[in-house]
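Trainee: Following this line is start.cif, made up of mmCIF, N, CA and C atoms:
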data_work
loop_
_atom_site.label_atom_id
_atom_site.label_comp_id
_atom_site.auth_asym_id
_atom_site.auth_seq_id
_atom_site.Cartn_x
_atom_site.Cartn_y
_atom_site.Cartn_z
N MET D 289 33.15 129.32 92.15
CA MET D 289 32.90 129.36 93.57
C MET D 289 33.33 128.05 94.24
N LYS D 290 33.04 126.92 93.56
CA LYS D 290 33.42 125.62 94.11
C LYS D 290 34.93 125.49 94.21
N LYS D 291 35.65 126.03 93.20
CA LYS D 291 37.12 125.97 93.23
C LYS D 291 37.67 126.79 94.39
N LEU D 292 37.09 127.96 94.64
CA LEU D 292 37.53 128.81 95.73
C LEU D 292 37.29 128.12 97.07
N PHE D 293 36.14 127.48 97.20
CA PHE D 293 35.81 126.75 98.43
C PHE D 293 36.79 125.60 98.63
N ALA D 294 37.05 124.83 97.59
CA ALA D 294 37.98 123.69 97.67
C ALA D 294 39.38 124.17 98.04
N PHE D 295 39.81 125.29 97.45
CA PHE D 295 41.12 125.86 97.75
C PHE D 295 41.19 126.29 99.22
N THR D 296 40.14 126.93 99.70
CA THR D 296 40.10 127.39 101.10
C THR D 296 40.16 126.20 102.06
N VAL D 297 39.40 125.16 101.78
CA VAL D 297 39.41 123.96 102.62
C VAL D 297 40.79 123.32 102.62
N ALA D 298 41.43 123.23 101.46
CA ALA D 298 42.78 122.65 101.36
C ALA D 298 43.77 123.46 102.19
N CYS D 299 43.68 124.78 102.11
CA CYS D 299 44.58 125.64 102.90
C CYS D 299 44.35 125.44 104.40
N LEU D 300 43.10 125.34 104.81
CA LEU D 300 42.79 125.13 106.22
C LEU D 300 43.35 123.79 106.71
N ILE D 301 43.23 122.77 105.90
CA ILE D 301 43.76 121.46 106.27
C ILE D 301 45.27 121.53 106.45
N LEU D 302 45.96 122.21 105.54
CA LEU D 302 47.41 122.36 105.65
C LEU D 302 47.79 123.12 106.91
N VAL D 303 47.10 124.22 107.17
CA VAL D 303 47.41 125.03 108.35
C VAL D 303 47.11 124.25 109.62
N MET D 304 45.97 123.60 109.69
CA MET D 304 45.61 122.84 110.88
C MET D 304 46.57 121.68 111.09
N GLY D 305 46.97 121.04 110.03
CA GLY D 305 47.95 119.95 110.13
C GLY D 305 49.27 120.45 110.67
N SER D 306 49.74 121.60 110.22
CA SER D 306 51.00 122.17 110.69
C SER D 306 50.89 122.55 112.16
N THR D 307 49.78 123.16 112.55
CA THR D 307 49.60 123.56 113.94
C THR D 307 49.58 122.33 114.83
N HIS D 308 48.88 121.29 114.42
CA HIS D 308 48.83 120.06 115.20
C HIS D 308 50.22 119.46 115.36
N GLU D 309 51.00 119.49 114.29
CA GLU D 309 52.34 118.94 114.34
C GLU D 309 53.20 119.69 115.35
N LEU D 310 53.08 121.02 115.40
CA LEU D 310 53.84 121.81 116.36
C LEU D 310 53.41 121.50 117.79
N ARG D 311 52.11 121.39 118.01
CA ARG D 311 51.61 121.11 119.34
C ARG D 311 51.92 119.68 119.77
N ALA D 312 51.97 118.75 118.82
CA ALA D 312 52.21 117.36 119.14
C ALA D 312 53.58 117.16 119.77
N ASN D 313 54.51 118.08 119.58
CA ASN D 313 55.85 117.96 120.13
C ASN D 313 55.98 118.72 121.45
N SER D 314 54.86 119.00 122.12
CA SER D 314 54.87 119.66 123.42
C SER D 314 53.83 118.98 124.30
N VAL D 315 54.24 118.60 125.50
CA VAL D 315 53.33 117.91 126.43
C VAL D 315 53.37 118.65 127.76
N THR D 316 52.20 118.87 128.34
CA THR D 316 52.11 119.48 129.65
C THR D 316 51.59 118.44 130.63
N VAL D 317 52.28 118.29 131.75
CA VAL D 317 51.84 117.41 132.81
C VAL D 317 52.04 118.16 134.13
N GLY D 318 50.93 118.50 134.76
CA GLY D 318 51.01 119.31 135.97
C GLY D 318 51.66 120.64 135.66
N ASP D 319 52.73 120.96 136.39
CA ASP D 319 53.44 122.22 136.18
C ASP D 319 54.58 122.11 135.17
N LEU D 320 54.80 120.92 134.63
CA LEU D 320 55.90 120.72 133.68
C LEU D 320 55.43 120.83 132.24
N VAL D 321 56.22 121.50 131.41
CA VAL D 321 55.98 121.55 129.97
C VAL D 321 57.23 120.96 129.31
N ILE D 322 57.02 119.87 128.56
CA ILE D 322 58.12 119.19 127.88
C ILE D 322 57.97 119.49 126.40
N SER D 323 59.00 120.07 125.79
CA SER D 323 58.89 120.51 124.40
C SER D 323 60.17 120.21 123.62
N ASN D 324 60.07 120.43 122.31
CA ASN D 324 61.19 120.27 121.39
C ASN D 324 61.88 118.92 121.57
N VAL D 325 61.10 117.85 121.49
CA VAL D 325 61.61 116.49 121.70
C VAL D 325 62.07 115.95 120.35
N TRP D 326 63.38 115.67 120.22
CA TRP D 326 63.90 115.24 118.93
C TRP D 326 65.15 114.36 119.08
N ALA D 327 65.46 113.67 118.00
CA ALA D 327 66.68 112.87 117.89
C ALA D 327 67.20 113.03 116.47
N ARG D 328 68.49 112.77 116.29
CA ARG D 328 69.07 112.79 114.94
C ARG D 328 68.86 111.44 114.26
N SER D 329 68.75 111.47 112.95
CA SER D 329 68.70 110.21 112.19
C SER D 329 70.03 109.49 112.35
N THR D 330 70.00 108.17 112.17
CA THR D 330 71.20 107.37 112.35
C THR D 330 71.53 106.59 111.08
N PRO D 331 72.82 106.31 110.87
CA PRO D 331 73.19 105.41 109.77
C PRO D 331 72.65 104.00 110.06
N THR D 332 72.64 103.16 109.07
CA THR D 332 72.02 101.83 109.14
C THR D 332 72.47 100.97 110.32
N ASN D 333 73.75 100.82 110.55
CA ASN D 333 74.22 99.86 111.56
C ASN D 333 74.53 100.46 112.93
N VAL D 334 74.24 101.73 113.14
CA VAL D 334 74.52 102.37 114.42
C VAL D 334 73.51 101.88 115.45
N LYS D 335 73.97 101.57 116.65
CA LYS D 335 73.10 101.02 117.70
C LYS D 335 72.85 101.98 118.85
N THR D 336 73.33 103.23 118.74
CA THR D 336 73.09 104.22 119.79
C THR D 336 72.60 105.52 119.18
N ALA D 337 71.86 106.28 119.98
CA ALA D 337 71.37 107.59 119.55
C ALA D 337 71.07 108.39 120.81
N ALA D 338 70.83 109.66 120.64
CA ALA D 338 70.48 110.54 121.77
C ALA D 338 69.18 111.27 121.47
N VAL D 339 68.41 111.49 122.53
CA VAL D 339 67.18 112.27 122.43
C VAL D 339 67.39 113.56 123.20
N TYR D 340 66.96 114.66 122.61
CA TYR D 340 67.10 115.97 123.21
C TYR D 340 65.71 116.56 123.43
N LEU D 341 65.60 117.43 124.45
CA LEU D 341 64.31 118.02 124.78
C LEU D 341 64.50 119.15 125.77
N THR D 342 63.43 119.88 126.01
CA THR D 342 63.43 120.96 127.00
C THR D 342 62.29 120.71 127.97
N ILE D 343 62.58 120.84 129.26
CA ILE D 343 61.55 120.71 130.29
C ILE D 343 61.50 122.02 131.06
N THR D 344 60.34 122.64 131.10
CA THR D 344 60.12 123.88 131.84
C THR D 344 59.24 123.56 133.03
N ASN D 345 59.68 123.97 134.21
CA ASN D 345 58.92 123.74 135.44
C ASN D 345 58.29 125.06 135.86
N ASN D 346 56.99 125.18 135.66
CA ASN D 346 56.26 126.40 136.02
C ASN D 346 55.73 126.36 137.45
N GLY D 347 56.12 125.35 138.21
CA GLY D 347 55.59 125.16 139.56
C GLY D 347 56.48 125.69 140.66
N GLN D 348 56.05 125.42 141.88
CA GLN D 348 56.74 125.87 143.08
C GLN D 348 57.65 124.79 143.67
N HIS D 349 57.64 123.59 143.07
CA HIS D 349 58.43 122.48 143.59
C HIS D 349 59.29 121.88 142.48
N MET D 350 60.49 121.45 142.85
CA MET D 350 61.37 120.82 141.87
C MET D 350 60.85 119.43 141.55
N ASP D 351 61.31 118.90 140.42
CA ASP D 351 61.01 117.52 140.03
C ASP D 351 62.29 116.95 139.43
N ARG D 352 62.34 115.65 139.26
CA ARG D 352 63.51 115.00 138.68
C ARG D 352 63.09 113.97 137.64
N VAL D 353 63.85 113.90 136.56
CA VAL D 353 63.72 112.80 135.62
C VAL D 353 64.59 111.69 136.19
N SER D 354 63.97 110.55 136.50
CA SER D 354 64.73 109.47 137.13
C SER D 354 65.04 108.32 136.16
N GLY D 355 64.46 108.37 134.97
CA GLY D 355 64.73 107.32 133.99
C GLY D 355 63.93 107.52 132.72
N ALA D 356 64.15 106.61 131.77
CA ALA D 356 63.46 106.68 130.48
C ALA D 356 63.37 105.27 129.90
N ARG D 357 62.40 105.09 129.01
CA ARG D 357 62.30 103.82 128.28
C ARG D 357 61.59 104.08 126.95
N THR D 358 61.88 103.20 125.98
CA THR D 358 61.28 103.31 124.66
C THR D 358 61.34 101.94 123.98
N THR D 359 60.43 101.73 123.05
CA THR D 359 60.45 100.50 122.26
C THR D 359 61.53 100.55 121.19
N MET D 360 62.10 101.73 120.95
CA MET D 360 63.14 101.88 119.91
C MET D 360 64.53 101.46 120.38
N ALA D 361 64.66 101.15 121.68
CA ALA D 361 66.00 100.79 122.18
C ALA D 361 65.87 99.78 123.31
N GLY D 362 66.89 98.94 123.43
CA GLY D 362 66.93 97.97 124.52
C GLY D 362 67.11 98.64 125.87
N LYS D 363 67.75 99.83 125.85
CA LYS D 363 68.02 100.54 127.09
C LYS D 363 68.02 102.04 126.83
N ALA D 364 67.48 102.81 127.77
CA ALA D 364 67.50 104.27 127.69
C ALA D 364 67.94 104.80 129.05
N MET D 365 68.89 105.72 129.04
CA MET D 365 69.44 106.27 130.28
C MET D 365 69.67 107.77 130.14
N ILE D 366 69.68 108.45 131.27
CA ILE D 366 70.03 109.87 131.28
C ILE D 366 71.56 109.95 131.30
N HIS D 367 72.12 110.70 130.37
CA HIS D 367 73.57 110.86 130.28
C HIS D 367 73.94 112.34 130.32
N GLN D 368 75.14 112.60 130.75
CA GLN D 368 75.69 113.95 130.79
C GLN D 368 77.02 113.94 130.06
N SER D 369 77.18 114.81 129.07
CA SER D 369 78.47 114.97 128.40
C SER D 369 79.24 116.06 129.13
N LYS D 370 80.53 115.81 129.37
CA LYS D 370 81.38 116.78 130.06
C LYS D 370 82.74 116.82 129.41
N MET D 371 83.36 117.99 129.44
CA MET D 371 84.72 118.14 128.96
C MET D 371 85.65 117.86 130.14
N VAL D 372 86.51 116.82 130.00
CA VAL D 372 87.45 116.45 131.05
C VAL D 372 88.84 116.40 130.43
N ASP D 373 89.73 117.29 130.90
CA ASP D 373 91.10 117.36 130.39
C ASP D 373 91.14 117.49 128.87
N GLY D 374 90.25 118.31 128.33
CA GLY D 374 90.24 118.56 126.90
C GLY D 374 89.57 117.47 126.07
N VAL D 375 88.97 116.47 126.74
CA VAL D 375 88.32 115.36 126.04
C VAL D 375 86.85 115.31 126.46
N MET D 376 85.95 115.23 125.47
CA MET D 376 84.52 115.13 125.77
C MET D 376 84.23 113.71 126.23
N LYS D 377 83.63 113.59 127.43
CA LYS D 377 83.28 112.29 127.98
C LYS D 377 81.80 112.28 128.33
N MET D 378 81.23 111.08 128.31
CA MET D 378 79.83 110.91 128.62
C MET D 378 79.72 110.01 129.84
N GLU D 379 78.83 110.38 130.76
CA GLU D 379 78.63 109.52 131.92
C GLU D 379 77.14 109.42 132.27
N HIS D 380 76.79 108.30 132.88
CA HIS D 380 75.42 108.07 133.30
C HIS D 380 75.09 109.02 134.45
N ALA D 381 73.91 109.63 134.40
CA ALA D 381 73.43 110.49 135.49
C ALA D 381 72.27 109.77 136.15
N GLN D 382 72.25 109.70 137.46
CA GLN D 382 71.17 109.02 138.18
C GLN D 382 69.83 109.71 137.96
N HIS D 383 69.87 111.02 137.79
CA HIS D 383 68.64 111.79 137.56
C HIS D 383 69.00 113.14 136.95
N ALA D 384 67.97 113.83 136.49
CA ALA D 384 68.14 115.19 135.96
C ALA D 384 67.13 116.07 136.69
N MET D 385 67.60 117.05 137.42
CA MET D 385 66.74 117.90 138.23
C MET D 385 66.20 119.09 137.43
N ILE D 386 64.91 119.39 137.67
CA ILE D 386 64.29 120.58 137.10
C ILE D 386 63.84 121.42 138.29
N LYS D 387 64.55 122.51 138.54
CA LYS D 387 64.26 123.37 139.69
C LYS D 387 62.89 124.04 139.53
N ALA D 388 62.28 124.37 140.66
CA ALA D 388 61.02 125.11 140.65
C ALA D 388 61.22 126.41 139.90
N GLY D 389 60.35 126.70 138.94
CA GLY D 389 60.48 127.92 138.14
C GLY D 389 61.64 127.87 137.17
N GLY D 390 62.24 126.71 136.99
CA GLY D 390 63.43 126.60 136.15
C GLY D 390 63.19 125.84 134.86
N LYS D 391 64.28 125.64 134.14
CA LYS D 391 64.24 124.97 132.85
C LYS D 391 65.44 124.04 132.73
N LEU D 392 65.20 122.85 132.18
CA LEU D 392 66.27 121.91 131.90
C LEU D 392 66.30 121.69 130.40
N GLU D 393 67.44 122.00 129.79
CA GLU D 393 67.59 121.77 128.35
C GLU D 393 68.54 120.60 128.15
N MET D 394 67.99 119.54 127.55
CA MET D 394 68.82 118.42 127.13
C MET D 394 69.17 118.69 125.68
N ALA D 395 70.46 118.95 125.45
CA ALA D 395 70.90 119.41 124.13
C ALA D 395 72.22 118.76 123.77
N PRO D 396 72.57 118.75 122.47
CA PRO D 396 73.86 118.19 122.06
C PRO D 396 75.01 118.82 122.85
N GLY D 397 75.93 117.97 123.31
CA GLY D 397 77.07 118.45 124.07
C GLY D 397 76.80 118.56 125.56
N GLY D 398 75.59 118.22 126.01
CA GLY D 398 75.23 118.31 127.42
C GLY D 398 74.44 117.10 127.85
N MET D 399 73.45 117.34 128.67
CA MET D 399 72.60 116.26 129.14
C MET D 399 71.68 115.80 128.01
N HIS D 400 71.37 114.49 128.00
CA HIS D 400 70.50 113.92 126.97
C HIS D 400 70.00 112.55 127.43
N VAL D 401 69.03 112.02 126.71
CA VAL D 401 68.58 110.65 126.94
C VAL D 401 69.34 109.79 125.94
N MET D 402 70.15 108.88 126.45
CA MET D 402 70.96 108.01 125.60
C MET D 402 70.18 106.74 125.31
N LEU D 403 70.04 106.42 124.02
CA LEU D 403 69.38 105.19 123.59
C LEU D 403 70.45 104.20 123.18
N MET D 404 70.42 103.02 123.77
CA MET D 404 71.41 101.99 123.45
C MET D 404 70.69 100.74 122.95
N LYS D 405 71.36 100.00 122.08
CA LYS D 405 70.77 98.80 121.47
C LYS D 405 69.50 99.17 120.71
N LEU D 406 69.64 100.11 119.77
CA LEU D 406 68.49 100.52 118.95
C LEU D 406 67.85 99.30 118.29
N THR D 407 66.53 99.30 118.23
CA THR D 407 65.81 98.19 117.61
C THR D 407 65.63 98.41 116.11
N GLY D 408 66.03 99.57 115.62
CA GLY D 408 65.95 99.89 114.20
C GLY D 408 66.61 101.22 113.92
N GLN D 409 66.78 101.52 112.67
CA GLN D 409 67.39 102.77 112.25
C GLN D 409 66.44 103.92 112.52
N LEU D 410 66.98 105.04 113.00
CA LEU D 410 66.18 106.25 113.16
C LEU D 410 66.26 107.01 111.84
N ARG D 411 65.13 107.11 111.16
CA ARG D 411 65.08 107.77 109.85
C ARG D 411 64.42 109.13 109.96
N GLU D 412 64.96 110.08 109.22
CA GLU D 412 64.41 111.44 109.21
C GLU D 412 62.90 111.40 108.95
N GLY D 413 62.15 112.12 109.79
CA GLY D 413 60.70 112.22 109.63
C GLY D 413 59.92 111.22 110.46
N MET D 414 60.57 110.16 110.92
CA MET D 414 59.83 109.19 111.73
C MET D 414 59.58 109.75 113.12
N VAL D 415 58.59 109.19 113.80
CA VAL D 415 58.24 109.59 115.15
C VAL D 415 58.14 108.30 115.97
N PHE D 416 58.70 108.32 117.19
CA PHE D 416 58.61 107.14 118.05
C PHE D 416 58.35 107.58 119.49
N PRO D 417 57.77 106.68 120.31
CA PRO D 417 57.44 107.03 121.69
C PRO D 417 58.64 106.91 122.63
N LEU D 418 58.67 107.80 123.61
CA LEU D 418 59.66 107.78 124.68
C LEU D 418 58.92 108.09 125.97
N ILE D 419 59.13 107.29 126.99
CA ILE D 419 58.52 107.55 128.29
C ILE D 419 59.60 108.07 129.22
N LEU D 420 59.36 109.27 129.78
CA LEU D 420 60.24 109.81 130.81
C LEU D 420 59.59 109.51 132.16
N MET D 421 60.40 109.09 133.12
CA MET D 421 59.91 108.79 134.46
C MET D 421 60.32 109.92 135.39
N PHE D 422 59.32 110.61 135.94
CA PHE D 422 59.56 111.73 136.84
C PHE D 422 59.32 111.29 138.28
N GLU D 423 60.13 111.80 139.18
CA GLU D 423 60.01 111.47 140.59
C GLU D 423 58.65 111.89 141.15
N ASN D 424 58.19 113.09 140.81
CA ASN D 424 56.92 113.61 141.35
C ASN D 424 55.77 113.55 140.35
N SER D 425 56.04 113.70 139.10
CA SER D 425 54.99 113.81 138.08
C SER D 425 54.62 112.48 137.43
N GLY D 426 55.33 111.40 137.79
CA GLY D 426 55.02 110.09 137.22
C GLY D 426 55.59 109.90 135.83
N ASP D 427 55.10 108.88 135.14
CA ASP D 427 55.57 108.57 133.78
C ASP D 427 54.84 109.43 132.76
N VAL D 428 55.59 109.97 131.81
CA VAL D 428 55.02 110.82 130.77
C VAL D 428 55.47 110.31 129.41
N GLU D 429 54.51 110.00 128.54
CA GLU D 429 54.84 109.53 127.19
C GLU D 429 54.98 110.72 126.26
N LEU D 430 56.08 110.73 125.53
CA LEU D 430 56.40 111.79 124.57
C LEU D 430 56.53 111.18 123.18
N GLN D 431 56.44 112.01 122.17
CA GLN D 431 56.68 111.58 120.79
C GLN D 431 57.97 112.26 120.31
N VAL D 432 58.95 111.45 119.96
CA VAL D 432 60.26 111.94 119.51
C VAL D 432 60.23 112.06 117.99
N THR D 433 60.55 113.23 117.49
CA THR D 433 60.64 113.45 116.04
C THR D 433 62.09 113.31 115.61
N VAL D 434 62.33 112.50 114.60
CA VAL D 434 63.69 112.28 114.11
C VAL D 434 63.99 113.32 113.02
N LYS D 435 65.08 114.05 113.25
CA LYS D 435 65.53 115.08 112.31
C LYS D 435 66.74 114.59 111.53
N LYS D 436 67.03 115.29 110.46
CA LYS D 436 68.17 114.99 109.61
C LYS D 436 69.47 115.07 110.41
N THR D 437 70.40 114.15 110.14
CA THR D 437 71.71 114.17 110.77
C THR D 437 72.35 115.53 110.48
N GLY D 438 72.96 116.13 111.50
CA GLY D 438 73.54 117.45 111.35
C GLY D 438 72.64 118.55 111.88
N SER D 439 71.43 118.19 112.34
CA SER D 439 70.50 119.18 112.89
C SER D 439 71.01 119.71 114.20
#
Can the structure from this file be put into structure tokens for me?

Mentor:
Amino acid sequence: MKKLFAFTVACLILVMGSTHELRANSVTVGDLVISNVWARSTPTNVKTAAVYLTITNNGQHMDRVSGARTTMAGKAMIHQSKMVDGVMKMEHAQHAMIKAGGKLEMAPGGMHVMLMKLTGQLREGMVFPLILMFENSGDVELQVTVKKTGS
């Protein structure tokens, strides 16, 4: 009976830990839900990386991401990747708009948070803080999960 109880408790801890981990990567602030916050791992000497995420606006008013900051980089900016004359180019975006009732997906090949002057290597499995600055919703701290390169 004791073994069955110990096994049940162990299973509950694993399940609760997994559920917490899934929820930890989603933040709600007002009408905004920010989810799937991640970055790719980086090689040792690389000084730039990108953070990807999804912002869902369940409200009646638009909002904008006007900036970002993190302790993992000397500088963080909103960037947009675009195909220009057959060449992929990246440019700084002053802001990223989330329409009322809409969704903004920052994903590879599109808009993203660019991290420059990394303070350390991004290793698979690590988690680091990122603050997004919203025009209407204020500053929101997120936890970025680093995934394996190629994700």

Trainee: Applying 9 Å and only C-alpha atoms, which residues near region 388-405 of chain D remain after dropping the ones on its own chain fewer than 2 positions away? List them as number ranges by chain.

Mentor: D: 334-351, 355-358, 360-370, 376, 378, 380-381, 384-386, 407-408

Trainee: What is the distance between CA of Ala327 (chain D) and CA of Gly426 (chain D), in Å to one decimal?

Mentor: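 Straight-line distance from CA of Ala327 (chain D) to CA of Gly426 (chain D) works out to 22.7 Å.
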
Trainee: Which of these residues is nearest to Val415 (chain D), using all atoms listed in the file: D:Val315, D:Met371, D:Val428, D:Val434?

Mentor: D:Val434

Trainee: Pick out each residue of chain D that DSSP on the backbone tags as helix (DSSP H, G or I); I need them as JSON, numbers by chain.

Mentor: {"D": [290, 291, 292, 293, 294, 295, 296, 297, 298, 299, 300, 301, 302, 303, 304, 305, 306, 307, 308, 309, 310, 311, 312]}

Trainee: Quote the spacing between CA of Asn313 (chain D) and CA of Leu418 (chain D) in Å to one decimal place.

Mentor: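 Between these atoms lies a distance of 11.8 Å.
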
Trainee: Find the residue from D:Ser314, D:Gln409, D:Thr437, D:Ser354 that sits nearest to Asn333 (chain D); use all atoms listed in the file when measuring.

Mentor: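 Residue with the minimum atom-to-atom distance to Asn333 (chain D): D:Gln409.
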
Trainee: Would you please work out which residue, of D:Ser329, D:Asp319, D:Val353, D:Arg411, is nearest to Asp427 (chain D) when using only C-alpha atoms?

Mentor: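 Nearest candidate to Asp427 (chain D) out of D:Ser329, D:Asp319, D:Val353, D:Arg411: D:Val353.
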
Trainee: Looking only at strand (DSSP E) from DSSP on the backbone, list the matching residues of chain D as a PyMOL selection string.

Mentor: chain D and resi 314-317+320-328+336-345+351-357+361-372+375-380+384-386+391-394+399-406+415-422+426-435

Trainee: Using all atoms listed in the file and a cutoff of 6.5 Å, can you tell me which residues are near (58.1, 115.3, 143.1) in the file's coordinates, and write them out as a PyMOL selection string?

Mentor: chain D and resi 350-352+422-425

Trainee: Give me, please, the distance in Å between atom N of Asp373 (chain D) and atom N of Arg328 (chain D), quoted to one decimal.

Mentor: 26.2 Å

Trainee: Hey, what comes out of the PyMOL selection byres (((chain D and resi 416 and name CA) around 6) and name CA) on this file? Could you write it as a VMD selection string?

Mentor: chain D and resid 415 417 431 to 432

Trainee: Please write N, CA and C atoms of region 314-333 of chain D, from the structure given just now, as a compact mmCIF listing (two decimals), in the first residue's frame.

Mentor:
# COMPACT_ATOMS: atom_id res chain seq x y z
N SER D 314 2.92 31.24 -20.52
CA SER D 314 1.78 32.03 -20.95
C SER D 314 1.47 33.06 -19.88
N VAL D 315 1.35 34.31 -20.29
CA VAL D 315 1.07 35.40 -19.35
C VAL D 315 -0.13 36.17 -19.85
N THR D 316 -1.04 36.49 -18.94
CA THR D 316 -2.19 37.31 -19.28
C THR D 316 -2.06 38.65 -18.56
N VAL D 317 -2.21 39.73 -19.31
CA VAL D 317 -2.21 41.06 -18.74
C VAL D 317 -3.36 41.82 -19.40
N GLY D 318 -4.36 42.13 -18.59
CA GLY D 318 -5.56 42.77 -19.15
C GLY D 318 -6.18 41.87 -20.19
N ASP D 319 -6.37 42.41 -21.39
CA ASP D 319 -6.97 41.64 -22.49
C ASP D 319 -5.95 40.90 -23.35
N LEU D 320 -4.66 41.05 -23.02
CA LEU D 320 -3.61 40.41 -23.82
C LEU D 320 -3.19 39.08 -23.21
N VAL D 321 -3.00 38.08 -24.06
CA VAL D 321 -2.44 36.79 -23.65
C VAL D 321 -1.16 36.61 -24.47
N ILE D 322 -0.04 36.49 -23.77
CA ILE D 322 1.26 36.31 -24.42
C ILE D 322 1.69 34.88 -24.18
N SER D 323 1.93 34.13 -25.25
CA SER D 323 2.22 32.70 -25.11
C SER D 323 3.34 32.26 -26.05
N ASN D 324 3.76 31.01 -25.84
CA ASN D 324 4.77 30.37 -26.68
C ASN D 324 6.01 31.25 -26.84
N VAL D 325 6.58 31.67 -25.72
CA VAL D 325 7.74 32.56 -25.70
C VAL D 325 9.00 31.70 -25.72
N TRP D 326 9.80 31.82 -26.81
CA TRP D 326 10.97 30.95 -26.93
C TRP D 326 12.07 31.60 -27.77
N ALA D 327 13.25 31.04 -27.64
CA ALA D 327 14.41 31.43 -28.45
C ALA D 327 15.19 30.16 -28.77
N ARG D 328 15.98 30.21 -29.83
CA ARG D 328 16.85 29.07 -30.17
C ARG D 328 18.15 29.15 -29.38
N SER D 329 18.72 28.00 -29.10
CA SER D 329 20.04 27.98 -28.47
C SER D 329 21.06 28.56 -29.44
N THR D 330 22.16 29.06 -28.90
CA THR D 330 23.17 29.70 -29.73
C THR D 330 24.53 29.02 -29.56
N PRO D 331 25.36 29.06 -30.60
CA PRO D 331 26.74 28.60 -30.45
C PRO D 331 27.49 29.51 -29.46
N THR D 332 28.62 29.08 -29.00
CA THR D 332 29.38 29.77 -27.96
C THR D 332 29.65 31.25 -28.22
N ASN D 333 30.17 31.61 -29.37
CA ASN D 333 30.61 32.99 -29.59
C ASN D 333 29.61 33.89 -30.31
